[in-house]
Amino acid sequence: MSNLEDLYREVILDHYRSPRNRGELATPPAIRVEGFNPLCGDEIVVYLMVEDGVLTNIKLTGHGCSISQSSSSLMSAAVKGKTLTQVRDTIIKFKQLMTVHETSLESSPNPEVVDVRTLGELAALQGVVKFPVRIKCATLAWNTLSQALDEVSG
Amino acid sequence: MSNLEDLYREVILDHYRSPRNRGELATPPAIRVEGFNPLCGDEIVVYLMVEDGVLTNIKLTGHGCSISQSSSSLMSAAVKGKTLTQVRDTIIKFKQLMTVHETSLESSPNPEVVDVRTLGELAALQGVVKFPVRIKCATLAWNTLSQALDEVSG
Amino acid sequence: MINDRPITYLDSAASSVPPRAVIEAMSRHYERRHANVHRGVYQTANESTHDYESAREAIARFINAPAGANEIVFTKNTTESINLLAKSWGAANLKAGDVVLVSEMEHHANIVPWFQLREALGIEVRFIPVGDDFRLDLTTIDELLEGVKLVSVTSMSNVLGTVNPIKDLAQIAHRHGALIAVDAAQSVGHSPTDVTELDVDFFAFSAHKMLGPTGLGIFWTRQEILADMPPFLGGGGMITDVSSTGYVPAKGPTRFEAGTPPIAEAAGLGAAVLYLEGLGMDNVHEHEHLLTEDALSRLETEFDGRIRVIGPRDTIARGGVISLDVEGVHAHDVAQVLDQFGVCVRPGHHCAKPLMKRFNLIATARASYGPYSLIQDTDVLLEALTDAVKLFG
Amino acid sequence: MINDRPITYLDSAASSVPPRAVIEAMSRHYERRHANVHRGVYQTANESTHDYESAREAIARFINAPAGANEIVFTKNTTESINLLAKSWGAANLKAGDVVLVSEMEHHANIVPWFQLREALGIEVRFIPVGDDFRLDLTTIDELLEGVKLVSVTSMSNVLGTVNPIKDLAQIAHRHGALIAVDAAQSVGHSPTDVTELDVDFFAFSAHKMLGPTGLGIFWTRQEILADMPPFLGGGGMITDVSSTGYVPAKGPTRFEAGTPPIAEAAGLGAAVLYLEGLGMDNVHEHEHLLTEDALSRLETEFDGRIRVIGPRDTIARGGVISLDVEGVHAHDVAQVLDQFGVCVRPGHHCAKPLMKRFNLIATARASYGPYSLIQDTDVLLEALTDAVKLFG
Ligand SMILES: Cc1ncc(COP(=O)(O)O)c(C=O)c1O
Ligand SMILES: Cc1ncc(COP(=O)(O)O)c(C=O)c1O
């Protein structure tokens, strides 16, 4: 059986209690995108500064459960200062980490596709896939970031 | 168990095949009332002549199943030429005959209330109560007659 | 058992008999997995949601919805599905003078909602006539389609058994710029369904006519159309936000699923789909086709013309619904006599009064087959009919 | 079983767990009596109709409808019942400027339909405020009732547990010439109900919250009002006649029951009513009252103020719904931890966003009792809550 320590790893609780990159950026020049999960009421606002193909700054506001909040905090730490290509790559990797095998509710991340060692702290979120309803919480920030990047590229 | 001979007595089949008092009366002086059973599509039109408190003539048109048709034919024979008081009395007796005891779908007519011997040919319809869905067929003509009498009395 | 005779169920067109697997799926749902759907975190709530959402996926697969489960809305029955079409899509897309083209063989469920829309908006409701061969008379279809915004027809008549050429109609409708809706209540449980291949726009049917439970209907439309349909019933589950000043409707099928949906019923439908897929819809169709062919030929030869079948004699494009008109015997009486033999058939206008009028009938006695029907059922039917004819001489 | 722990079901406010008698009544219906209702002649069709109509009678008795079963309409859930009220009675009797008075503690089911009517007709939707004591603030009720045609309030809040003074509100509403509708989803399965004594005009509730199945709701109104309500959904069963030019709606409750109704579900509801009558609604109420009193006092003393109950502390006019706000822990996380103990509670806004906003909350974790709840359930709940508080430190 899935168990709580898998979900609420120390790193996650730490990012929940002390979220990184909280705050706002002036728009413009920054862009601002909102994400919303109507089922649980979680909200996230992502502010992005992109200069010369590099995500130079990111800030977050919003509220939600420990998973959505820590995931957004972890995300901000993982993508800040990276090139857009690297950011997109990280998003893809994270989404793969969150993919449940259709055939089972008990899935674990797909080792062939994602090498968790390349994910750093983000790997702490891999326990979420054992709790399928919480995947939406973990991916909210990432989907919002994805949308923000689409706006950047036009 | 209920069985078919109880429902389709010879008298009933006879009235179905050779209905009495078919036809129409000129209105006025006659009055005309329609009855309709939306569930099975049975329709009946009753024409009544009432003179000095006596139902001097009755005619029927319409269509429906053997029970509704024979019941209307039997009714016309039973009430024609009777005083309105007698007619009302017959209607009440017939309705009692059709009353199912709430507690059982297998009911038979209530012998304390209706003396079937006073009903003449109408008694042939007593088998209908064993087939509760058909009671509506048997009472259609009678309800229509009842309504017509209400119109007579204003 | 009726009068010590086993029941011969020949009323599948009204409601099918769910197999044990379906009944058990629902009992199991209530016993072990019951909880309200969505918003839950705990295990049984997940399992409940899973039951509900996998039924949506099963149905999407079963009718081959191009964009899958996102196109499946659960309603309470076919009737609500068609009302949803009329009152959401119809009210938003039709205006006075626009024409909705139905047919003379429609069930009231595919007539009354359009009459209601006529009252509300002043649209015109036009009828495709039915020919003496009990089939749609399409000779003037191009004229009939003048001004038509929506064609809404049944895939199979619940009185005649006639199967309509939906794919052809879809082509013609689209050529005239009209959309096409299908009342598929009678066909989905009896033959293979492929909305993508039919190239239709809306599809409505009921779980209880395809071995599933009562209380659950299905509405399908293309994702693009669904996305633009305004909400219908308002309440919980169909919103993304509500404040004291307004509300924001949800996206996707849940926009049309206000309140607690028929969850256990969806679990039952999921099981019914698996059961039908196990049988194979081609096999179901072929099985019922053989039963129908056999019954029609015996009815023709064994009653000296005293029994008339109200429906096509040929069994190409014809389903296992056999409406009978017994000379001199009212349908109600036919059904009554048959009941004494344990034979369940349905007398009446079958909620298709315009069609009954077209053929000058008050009522027919209708026998209809399901996947579980056997040729022995027909034997008992014919034996009972013989008795009915005799009784009324 | 979850993590080898038995399930502690504390989510009855979302959906109750049907007892075996209810599940079996439905299975039996499908196995032995299933057939479509009405219009049938054969035995199983009669029995099916009998199941359906006796459920109508059982419900009429259970809520003491003055004119009996003729006043009971079956819908699919509370939400549809309120939509029926708004879209049939409301659309026919309200006009621009008329006011519908709801309260700040309503479920979306009793808000969104009125917002929809506001869009359609230009009515005003006004809110009775909720005080800091989590009860309706009725200090300005006479002013609030200015121009009001209908008061529509919940008998018990699904978030706060607050039981509203419906009888008083009915008197005040009637004095101002308004009618009163009650969203009784949360109360009917938990305390005695008497619509005659309450002297209300409309009543809406769901089978699945009173030990019955999903897919079935109930709408009650007085016979005189029902008689004048225009049809809502159109289709079979709700008409007396249909021709190619128009239709005549049926009289009585069936006018609002288009299509095949939830028949097996009605059989289940009939069994649920018998079951609840067997327990005695006074006993059910007393039982849940004791559980609630005990839980509230333990929550107060055992958590050093880290857990706040969002709802009245006193248990007079209060039901067994306990919403929790755990300091520093999101409701989603509370529910997740509780799930590991097999405890089923519901996190979220409970479809009452205006109320959540009123108290500046995003979500609560809600525990709720049913007739089958035990004090041991509370023990496990508190044990699990202790763990949650500890985990998030
Ligand atoms: C107070 C209240 N009203 C209405 C509803 C809606 O009931 P249903 O979802 O059965 O339509 C609920 C339950 O969710 C409720 O608690
Ligand atoms: C062709 C057709 N359309 C619609 C319906 C209505 O289905 P339901 O009663 O499940 O809404 C039926 C069945 O009665 C039907 O046979």
# chains A, B, ... in the order shown; residues from 1 in each chain; ligands from 1

call {"tool": "select_by_dssp", "arguments": {"residues": "range 337-390 of chain D", "states": "strand (DSSP E or B)", "output": "PyMOL selection string"}}
result
chain D and resi 343-344+346-348+364-368

call {"tool": "write_last_selection", "arguments": {"atoms": "C-alpha atoms", "output": "PDB file, in the first residue's frame"}}
result
ATOM      1  CA  VAL D 343     -11.287   7.719   7.708  1.00  0.00           C
ATOM      2  CA  CYS D 344     -13.446   9.132   4.911  1.00  0.00           C
ATOM      3  CA  ARG D 346     -14.505  15.367   2.465  1.00  0.00           C
ATOM      4  CA  PRO D 347     -12.202  18.306   1.810  1.00  0.00           C
ATOM      5  CA  GLY D 348     -13.273  21.268  -0.255  1.00  0.00           C
ATOM      6  CA  THR D 364     -12.752  22.703   5.100  1.00  0.00           C
ATOM      7  CA  ALA D 365     -12.413  19.033   5.952  1.00  0.00           C
ATOM      8  CA  ARG D 366     -15.929  17.875   6.682  1.00  0.00           C
ATOM      9  CA  ALA D 367     -16.897  14.875   8.802  1.00  0.00           C
ATOM     10  CA  SER D 368     -20.570  13.914   8.829  1.00  0.00           C
TER      11      SER D 368
END

call {"tool": "residues_near_ligand", "arguments": {"ligand": "ligand 2", "cutoff": "9 Å", "atoms": "only C-alpha atoms and all ligand atoms", "output": "count of residues only"}}
result
49

call {"tool": "closest_residue", "arguments": {"among": "A:Leu74, A:Val133, A:Leu97, A:Leu122", "to": "chain D", "atoms": "only C-alpha atoms"}}
result
A:Val133

call {"tool": "interface_residues", "arguments": {"of": "chain C", "to": "chain B", "cutoff": "8 Å", "atoms": "only C-alpha atoms", "output": "ChimeraX atom specification"}}
result
/C:3,329-333,337,340,347-349,362-363,392

call {"tool": "calpha_fit_rmsd", "arguments": {"fixed": "chain C", "moving": "chain D"}}
result
0.0 Å

call {"tool": "select_by_dssp", "arguments": {"residues": "chain B", "states": "alpha helix (DSSP H)", "output": "VMD selection string"}}
result
chain B and resid 4 to 7 10 to 17 66 to 79 84 to 97 132 to 152

call {"tool": "write_last_selection", "arguments": {"atoms": "C-alpha atoms", "output": "PDB file, in the first residue's frame"}}
result
ATOM      1  CA  LEU B   4     -58.649 -15.692 -18.350  1.00  0.00           C
ATOM      2  CA  GLU B   5     -62.143 -17.117 -18.092  1.00  0.00           C
ATOM      3  CA  ASP B   6     -62.729 -14.863 -15.099  1.00  0.00           C
ATOM      4  CA  LEU B   7     -61.943 -11.839 -17.191  1.00  0.00           C
ATOM      5  CA  GLU B  10     -69.097 -15.072 -22.383  1.00  0.00           C
ATOM      6  CA  VAL B  11     -71.350 -12.071 -21.587  1.00  0.00           C
ATOM      7  CA  ILE B  12     -68.400  -9.754 -21.972  1.00  0.00           C
ATOM      8  CA  LEU B  13     -67.283 -11.178 -25.264  1.00  0.00           C
ATOM      9  CA  ASP B  14     -70.872 -10.991 -26.470  1.00  0.00           C
ATOM     10  CA  HIS B  15     -71.174  -7.296 -25.611  1.00  0.00           C
ATOM     11  CA  TYR B  16     -67.768  -6.679 -27.180  1.00  0.00           C
ATOM     12  CA  ARG B  17     -68.723  -8.347 -30.426  1.00  0.00           C
ATOM     13  CA  SER B  66     -62.931  -5.642 -24.982  1.00  0.00           C
ATOM     14  CA  ILE B  67     -63.254  -4.631 -21.352  1.00  0.00           C
ATOM     15  CA  SER B  68     -63.847  -0.953 -21.930  1.00  0.00           C
ATOM     16  CA  GLN B  69     -66.184  -1.621 -24.845  1.00  0.00           C
ATOM     17  CA  SER B  70     -68.223  -4.332 -23.168  1.00  0.00           C
ATOM     18  CA  SER B  71     -68.379  -2.378 -19.934  1.00  0.00           C
ATOM     19  CA  SER B  72     -69.832   0.610 -21.765  1.00  0.00           C
ATOM     20  CA  SER B  73     -72.297  -1.583 -23.599  1.00  0.00           C
ATOM     21  CA  LEU B  74     -73.350  -3.335 -20.390  1.00  0.00           C
ATOM     22  CA  MET B  75     -73.650   0.039 -18.718  1.00  0.00           C
ATOM     23  CA  SER B  76     -75.889   1.433 -21.416  1.00  0.00           C
ATOM     24  CA  ALA B  77     -78.197  -1.562 -21.117  1.00  0.00           C
ATOM     25  CA  ALA B  78     -78.262  -1.278 -17.337  1.00  0.00           C
ATOM     26  CA  VAL B  79     -79.111   2.410 -17.091  1.00  0.00           C
ATOM     27  CA  LEU B  84     -81.398   9.385 -12.343  1.00  0.00           C
ATOM     28  CA  THR B  85     -81.502   8.187  -8.759  1.00  0.00           C
ATOM     29  CA  GLN B  86     -81.447   4.599  -9.926  1.00  0.00           C
ATOM     30  CA  VAL B  87     -78.650   5.379 -12.352  1.00  0.00           C
ATOM     31  CA  ARG B  88     -76.561   6.973  -9.625  1.00  0.00           C
ATOM     32  CA  ASP B  89     -77.188   4.004  -7.430  1.00  0.00           C
ATOM     33  CA  THR B  90     -76.012   1.652 -10.155  1.00  0.00           C
ATOM     34  CA  ILE B  91     -72.879   3.699 -10.687  1.00  0.00           C
ATOM     35  CA  ILE B  92     -72.062   3.509  -6.990  1.00  0.00           C
ATOM     36  CA  LYS B  93     -72.644  -0.231  -6.893  1.00  0.00           C
ATOM     37  CA  PHE B  94     -70.481  -0.742  -9.944  1.00  0.00           C
ATOM     38  CA  LYS B  95     -67.671   1.361  -8.521  1.00  0.00           C
ATOM     39  CA  GLN B  96     -67.789  -0.698  -5.340  1.00  0.00           C
ATOM     40  CA  LEU B  97     -67.572  -3.854  -7.393  1.00  0.00           C
ATOM     41  CA  PRO B 132     -55.978  -4.456 -11.518  1.00  0.00           C
ATOM     42  CA  VAL B 133     -54.586  -2.723 -14.606  1.00  0.00           C
ATOM     43  CA  ARG B 134     -57.822  -3.433 -16.413  1.00  0.00           C
ATOM     44  CA  ILE B 135     -60.033  -1.739 -13.813  1.00  0.00           C
ATOM     45  CA  LYS B 136     -59.364   1.560 -15.538  1.00  0.00           C
ATOM     46  CA  CYS B 137     -60.712   0.023 -18.747  1.00  0.00           C
ATOM     47  CA  ALA B 138     -63.899  -1.142 -17.042  1.00  0.00           C
ATOM     48  CA  THR B 139     -64.581   2.137 -15.245  1.00  0.00           C
ATOM     49  CA  LEU B 140     -63.909   4.517 -18.131  1.00  0.00           C
ATOM     50  CA  ALA B 141     -67.509   4.503 -19.387  1.00  0.00           C
ATOM     51  CA  TRP B 142     -68.862   4.819 -15.874  1.00  0.00           C
ATOM     52  CA  ASN B 143     -66.700   7.777 -14.980  1.00  0.00           C
ATOM     53  CA  THR B 144     -67.766   9.428 -18.206  1.00  0.00           C
ATOM     54  CA  LEU B 145     -71.436   8.782 -17.405  1.00  0.00           C
ATOM     55  CA  SER B 146     -70.916  10.168 -13.927  1.00  0.00           C
ATOM     56  CA  GLN B 147     -69.462  13.317 -15.387  1.00  0.00           C
ATOM     57  CA  ALA B 148     -72.394  13.605 -17.792  1.00  0.00           C
ATOM     58  CA  LEU B 149     -74.836  13.363 -14.889  1.00  0.00           C
ATOM     59  CA  ASP B 150     -72.977  16.116 -13.059  1.00  0.00           C
ATOM     60  CA  GLU B 151     -73.554  18.284 -16.113  1.00  0.00           C
ATOM     61  CA  VAL B 152     -77.252  17.479 -16.077  1.00  0.00           C
TER      62      VAL B 152
END

call {"tool": "closest_residue", "arguments": {"among": "D:Asp325, D:Asp201, D:Glu257, D:Asp379", "to": "chain C", "atoms": "only C-alpha atoms"}}
result
D:Glu257

call {"tool": "atom_distance", "arguments": {"atom1": "CA of Phe202 in chain D", "atom2": "CA of Asp228 in chain D"}}
result
13.7 Å

call {"tool": "atom_distance", "arguments": {"atom1": "CA of Tyr30 in chain C", "atom2": "CA of Ala267 in chain D"}}
result
15.0 Å
